[in-house]
Amino acid sequence: MLSPACTSIYRFFSAVLFCALCWVPDARAAQGDFMPVDQIKRGMSGYGLSVFQGTQIDTFGVEILGVIADGIGPGHDLILARLSGANLEHTGIIRGMSGSPVYVDGLLVGAIAYGWSYSKDPIGGITPIGPMVDVTQRATASANEGPGRQSIDFSPAEWLSGEQIPRRATLERLATPVALSGFSGLAGDVLQQALAPLGMDAALGPGSAAVDQPVPTIEPGAGLGVQLISGDRNATAIGTLTWTDGERFVGFGHPMLHMGATEMPATSVYVHQIIPSQISSFKLGGPVQPFGTVRQDRQAGIGGLIGTVPAMVPVAVDLATGDGNHRSQYAVMRHRDLLPVLVRSVLISAMESTEKLVGDAALSLRTTVALRDGRRVEYDQFYSGTSAALIASIEAVQPLTSIAQSSFIGLDIDSVHFAADVREALALAQITGMRLPNAALKAGHVGLVEVTLQPYRSAPIRHTLELDIPRGTPPGPLLVRASSGESARQFERTRRPDAFVPRSGDDLLHLVQMPGRADELVIEVLLPEPGLTVHGREFPSLPPSARAVLESESSSGYLGSVSERVLLRVRHTVPYALVGEQTVEAIVETH
C-alpha cells in the first residue's frame with residue numbers, strides 16, 4: 001500500500017498526464033505552445049484550420065516539405081508545405097486562406113500565406129508564428145504620423161485594361177480577396193484597378209451573412225476581415241485569424257497594405273462559397289460584425305486588439321434626378337491614400353445605380369468636406385457632355401484628395417457629402433465672339449462688352465456686361481478676355497503659378513475652394529504689366545527699384561513671377577457649360 005505522500009504524488013502526475021492527453025490547440029495558447037522554426041523538419045505532418053463554408057472552422061492536412069531560410073526576405077524564413085483535404089487538390093491554395101493556422105504535434109507552427117502561381121498541386125508557404133506574434137507587440141502610433149507616401153495613380157485610361165497575368169510560376173503572397181457588395185459595372189472596376197497593385201483582388205459577391213446566422217467566435221481559423229467600406233455598399237478584405245489570447249489577435253501571415261502602425265476596423269467573416277479558378281481560387285464572403293481594431297500591418301501579418309472599433313469617415317450622396325431624390329450613405333476606412341479612391345468608388349456607384357454614366361447629361365455637383373475642427377470646405381462645378389456624370393465623379397473627389405494627402409496638420413476629415421442635380425440633356429455652348437462697342441475705355445467710367453454664345457443645336461445668344469474701369473488705371477493698351485470660370489482658373493494658375501503653392505493648411509483650403517464653374521462667363525481685363533508674388537501674395541505694380549531689390553535676394557521659395565495684372569474680373573452665370581475663349585485689345589484713354 002502506498003503512503004499518503006506517495007498517493008498524492010501519484011494523483012498529481014495522473015492529472016498532468018490526463019491533461020496532456022486531452023489538450024488541443026487553444027485560442028489563449030501561450031508562446032510555449034509554439035514550435036520554433038529550427039525544430040521544423042521535412043516529413044513532419046499536421047493540420048490547419050480555416051473556414052470554407054459559412055462560419056464553421058474545418059481542418060485540412062499539412063505535410064512539411066522543409067524550411068527556406070530567408071525565403072520571404074532577409075531574416076524572414078518560409079516553411080514549405082503541401083496541403084491536402086478540404087477539396088484543396090481541386091482548388092489549390094485559396095485566396096482568403098491567408099492566416100490559416102497550421103499545427104504540428106499540437107504546437108502552432110505558423111500561417112498559410114504564400115503560394116506559387118500556376119502550381120498544379122496545393123503547395124505553399126507558411127509564415128512562422130514567432131514573427132507574427134511579434135507584430136502584436138509593436139508600439140502603436142497614429143496612422144497619420146510620418147511623411148505622406150505618393151498617392152495611388154488613378155488613371156481612367158487604365159480602368160478597362162485587363163488583369164496582368166504572370167508569365168511564369170513565381171512565389172508570391174496570396175492575394176487578399178476583397179468582397180464587394182452593391183457595386184457593379186465601372187464602380188467595381190475602379191476598386192479592382194486601384195486595389196490590384198496593393199495585392200488585393202476585388203470580386204463582386206452577395207454581401208453580408210444572413211441575419212439569422214450566429215455571430216462567429218473570434219478564434220484561430222475563423223474568418224478575419226478588414227472593412228474598407230460599409231453602408232449601402234460594402235467592401236471587405238478577407239483573410240483568416242491565426243492566433244489570439246482573447247485580447248490581441250494576429251492574422252493573414254503577410255501584409256495587407258504594408259503601412260505599419262495603423263487603425264483599421266476588424267470584422268468577423270461569413271464565407272458564402274469557394275470559387276475554383278485555374279489562376280487562383282478564392283473565398284467569396286462578406287462581413288458579419290466588427291470586433292476590434294487592426295493596429296499593425298507588417299511583413300509577418302496584421303495584428304491588433306479585440307474591443308473598440310475605429311471610426312470610419314461618413315459619406316453621403318444626394319442625387320436629384322428626373323424621377324425624384326435619391327440618397328445613399330456609406331462609411332469609408334480612414335487611410336491617407338485609399339480614402340479618395342474608396343470615396344470615388346461609392347460616388348461612381350451611386351451615380352451608376354441612379355443615372356447613366358455615359359450619354360447626354362448636364363449636372364451640377366457640390367462637394368462638402370467637413371473637418372474635425374468644425375471647418376467646412378465646399379467645391380462645386382457644372383458639367384455637361386456625353387460622359388458628364390463619369391467626369392464629375394472623378395473630379396469631385398480631387399479636393400478631398402488634396403486634403404487627405406496634405407502634409408499640413410489640422411486637416412483631419414470628419415465627413416464627406418456630395419449633392420448633385422442631374423438632367424438628361426446637353427447644356428453646352430461655345431464662346432464664338434466678343435466685341436467692345438467702344439474700344440476706347442476711360443478710367444473711372446463704365447464700358448460695355450458684348451459676348452456671343454453658340455449653344456448646342458440652338459440659336460446664338462448675346463450677353464452684354466458692364467466693365468467698371470477702376471480709377472487710376474494708367475493710359476495705354478490692355479486686353480479683354482472672355483472664357484469660362486474653369487478656363488479662367490486655369491489661366492490664373494498659369495499667370496501666377498507661385499500663388500497656387502499652399503504654404504499652410506489655410507492656404508490649401510482656400511485654393512481648393514477657388515471659384516471656377518464651367519457655367520460662369522468670366523470677363524477679365526488684363527494689363528501687360530509683370531509683377532511678383534511674395535509668399536503667394538501678389539505685388540503687381542512694384543517700382544523697378546523695389547523689384548530689383550527683391551529679385552537680388554539669395555533666399556528661395558518665397559518669390560514668384562506674375563505675367564500680367566488682372567485689372568478687373570466680372571462673373572456672369574449662364575445655363576451652359578462653356579468652351580472656348582475670345583480676346584480683344586482695347587485702349588485706356590486719359591480724361
# chains A, B, ... in the order shown; residues from 1 in each chain; ligands from 1
call {"tool": "residues_around", "arguments": {"residues": "segment 118-133 of chain A", "least_positions_apart": "3", "cutoff": "6 Å", "atoms": "only C-alpha atoms", "output": "list in words"}}
result
Leu78, Ile79, Leu80, Ala81, Arg82, Leu83, Gly92, Ile93, Val109, Gly110, Ala111, Ile112, Ala113, Tyr114, Gly115, Thr136, Ala169, Gly253, Ala300 and Gly301 of chain A
call {"tool": "select_by_dssp", "arguments": {"residues": "segment 358-560 of chain A", "states": "strand (DSSP E)", "output": "NGL selection string"}}
result
:A and (361-371 or 376-385 or 413-423 or 428-435 or 440-442 or 446-455 or 461-468 or 476-484 or 520-527 or 531-534 or 537-539 or 559-560)
call {"tool": "atom_distance", "arguments": {"atom1": "atom CA of Gln299 of chain A", "atom2": "atom CA of Thr140 of chain A"}}
result
15.6 Å
call {"tool": "residues_around", "arguments": {"residues": "Ser277 of chain A", "least_positions_apart": "6", "cutoff": "10 Å", "atoms": "only C-alpha atoms", "output": "ChimeraX atom specification"}}
result
/A:90-92,94
call {"tool": "residues_around", "arguments": {"residues": "segment 346-349 of chain A", "least_positions_apart": "2", "cutoff": "7 Å", "atoms": "only C-alpha atoms", "output": "NGL selection string"}}
result
:A and (183 or 187 or 317 or 342-344 or 351-353 or 393)
call {"tool": "atom_distance", "arguments": {"atom1": "atom CA of Pro515 of chain A", "atom2": "atom CA of His417 of chain A"}}
result
18.6 Å
call {"tool": "residues_around", "arguments": {"residues": "Gly223 of chain A", "least_positions_apart": "2", "cutoff": "9 Å", "atoms": "only C-alpha atoms", "output": "list in words"}}
result
Ser50, Val51, Thr55, Ile57, Gly96, Met97, Ser100, Pro216, Ile218, Glu219, Pro220, Gly221, Gly225, Ile238, Gly239, Thr240, Leu241, Thr267, Ser268, Val269, Tyr270 and Val271 of chain A
call {"tool": "write_last_selection", "arguments": {"atoms": "N, CA and C atoms", "output": "PDB file, in the first residue's frame"}}
result
ATOM      1  N   SER A  50      -9.319  26.478 -41.167  1.00  0.00           N
ATOM      2  CA  SER A  50      -9.824  27.578 -41.982  1.00  0.00           C
ATOM      3  C   SER A  50     -11.327  27.381 -42.183  1.00  0.00           C
ATOM      4  N   VAL A  51     -11.977  28.426 -42.661  1.00  0.00           N
ATOM      5  CA  VAL A  51     -13.411  28.375 -42.949  1.00  0.00           C
ATOM      6  C   VAL A  51     -13.589  28.245 -44.458  1.00  0.00           C
ATOM      7  N   THR A  55     -19.472  29.918 -41.298  1.00  0.00           N
ATOM      8  CA  THR A  55     -18.532  30.312 -40.253  1.00  0.00           C
ATOM      9  C   THR A  55     -17.902  29.104 -39.575  1.00  0.00           C
ATOM     10  N   ILE A  57     -15.371  26.272 -38.776  1.00  0.00           N
ATOM     11  CA  ILE A  57     -13.938  26.077 -38.952  1.00  0.00           C
ATOM     12  C   ILE A  57     -13.689  24.598 -39.247  1.00  0.00           C
ATOM     13  N   GLY A  96      -7.752  33.990 -49.451  1.00  0.00           N
ATOM     14  CA  GLY A  96      -8.623  34.094 -48.289  1.00  0.00           C
ATOM     15  C   GLY A  96      -8.202  33.124 -47.196  1.00  0.00           C
ATOM     16  N   MET A  97      -7.333  32.126 -47.572  1.00  0.00           N
ATOM     17  CA  MET A  97      -6.754  31.232 -46.568  1.00  0.00           C
ATOM     18  C   MET A  97      -5.580  31.875 -45.850  1.00  0.00           C
ATOM     19  N   SER A 100      -4.485  31.123 -42.166  1.00  0.00           N
ATOM     20  CA  SER A 100      -4.963  29.838 -41.639  1.00  0.00           C
ATOM     21  C   SER A 100      -3.880  29.192 -40.789  1.00  0.00           C
ATOM     22  N   PRO A 216     -19.862  34.696 -35.454  1.00  0.00           N
ATOM     23  CA  PRO A 216     -18.735  33.772 -35.309  1.00  0.00           C
ATOM     24  C   PRO A 216     -17.911  34.057 -34.060  1.00  0.00           C
ATOM     25  N   ILE A 218     -14.402  34.493 -32.161  1.00  0.00           N
ATOM     26  CA  ILE A 218     -13.090  35.005 -32.543  1.00  0.00           C
ATOM     27  C   ILE A 218     -12.047  34.004 -32.049  1.00  0.00           C
ATOM     28  N   GLU A 219     -11.625  33.110 -32.944  1.00  0.00           N
ATOM     29  CA  GLU A 219     -10.696  32.044 -32.582  1.00  0.00           C
ATOM     30  C   GLU A 219      -9.853  31.675 -33.793  1.00  0.00           C
ATOM     31  N   PRO A 220      -8.726  30.969 -33.579  1.00  0.00           N
ATOM     32  CA  PRO A 220      -7.869  30.581 -34.705  1.00  0.00           C
ATOM     33  C   PRO A 220      -8.645  29.798 -35.751  1.00  0.00           C
ATOM     34  N   GLY A 221      -8.427  30.149 -37.018  1.00  0.00           N
ATOM     35  CA  GLY A 221      -9.108  29.504 -38.124  1.00  0.00           C
ATOM     36  C   GLY A 221     -10.361  30.219 -38.562  1.00  0.00           C
ATOM     37  N   GLY A 225     -11.742  39.762 -41.362  1.00  0.00           N
ATOM     38  CA  GLY A 225     -11.920  40.760 -42.400  1.00  0.00           C
ATOM     39  C   GLY A 225     -11.462  42.137 -41.963  1.00  0.00           C
ATOM     40  N   ILE A 238     -10.635  39.950 -47.055  1.00  0.00           N
ATOM     41  CA  ILE A 238     -10.906  38.704 -46.353  1.00  0.00           C
ATOM     42  C   ILE A 238      -9.640  37.872 -46.198  1.00  0.00           C
ATOM     43  N   GLY A 239      -9.409  37.421 -44.976  1.00  0.00           N
ATOM     44  CA  GLY A 239      -8.326  36.502 -44.665  1.00  0.00           C
ATOM     45  C   GLY A 239      -8.753  35.615 -43.513  1.00  0.00           C
ATOM     46  N   THR A 240      -7.767  35.114 -42.760  1.00  0.00           N
ATOM     47  CA  THR A 240      -8.046  34.177 -41.669  1.00  0.00           C
ATOM     48  C   THR A 240      -7.287  34.596 -40.423  1.00  0.00           C
ATOM     49  N   LEU A 241      -7.918  34.415 -39.272  1.00  0.00           N
ATOM     50  CA  LEU A 241      -7.289  34.730 -37.986  1.00  0.00           C
ATOM     51  C   LEU A 241      -6.385  33.572 -37.572  1.00  0.00           C
ATOM     52  N   THR A 267     -13.282  42.765 -38.673  1.00  0.00           N
ATOM     53  CA  THR A 267     -14.627  42.201 -38.623  1.00  0.00           C
ATOM     54  C   THR A 267     -14.576  40.696 -38.798  1.00  0.00           C
ATOM     55  N   SER A 268     -15.562  40.013 -38.229  1.00  0.00           N
ATOM     56  CA  SER A 268     -15.707  38.591 -38.494  1.00  0.00           C
ATOM     57  C   SER A 268     -16.269  38.418 -39.905  1.00  0.00           C
ATOM     58  N   VAL A 269     -16.170  37.195 -40.432  1.00  0.00           N
ATOM     59  CA  VAL A 269     -16.466  36.959 -41.852  1.00  0.00           C
ATOM     60  C   VAL A 269     -17.355  35.731 -42.013  1.00  0.00           C
ATOM     61  N   TYR A 270     -18.262  35.817 -42.969  1.00  0.00           N
ATOM     62  CA  TYR A 270     -19.072  34.676 -43.398  1.00  0.00           C
ATOM     63  C   TYR A 270     -18.638  34.311 -44.815  1.00  0.00           C
ATOM     64  N   VAL A 271     -18.301  33.042 -45.046  1.00  0.00           N
ATOM     65  CA  VAL A 271     -17.863  32.575 -46.361  1.00  0.00           C
ATOM     66  C   VAL A 271     -19.068  31.971 -47.090  1.00  0.00           C
TER      67      VAL A 271
END
call {"tool": "atom_distance", "arguments": {"atom1": "atom CA of Gly251 of chain A", "atom2": "atom CA of Pro276 of chain A"}}
result
23.0 Å
call {"tool": "closest_residue", "arguments": {"among": "A:Ile275, A:Ile302, A:Ala69, A:Ala577", "to": "Gly516 of chain A", "atoms": "only C-alpha atoms"}}
result
A:Ala577
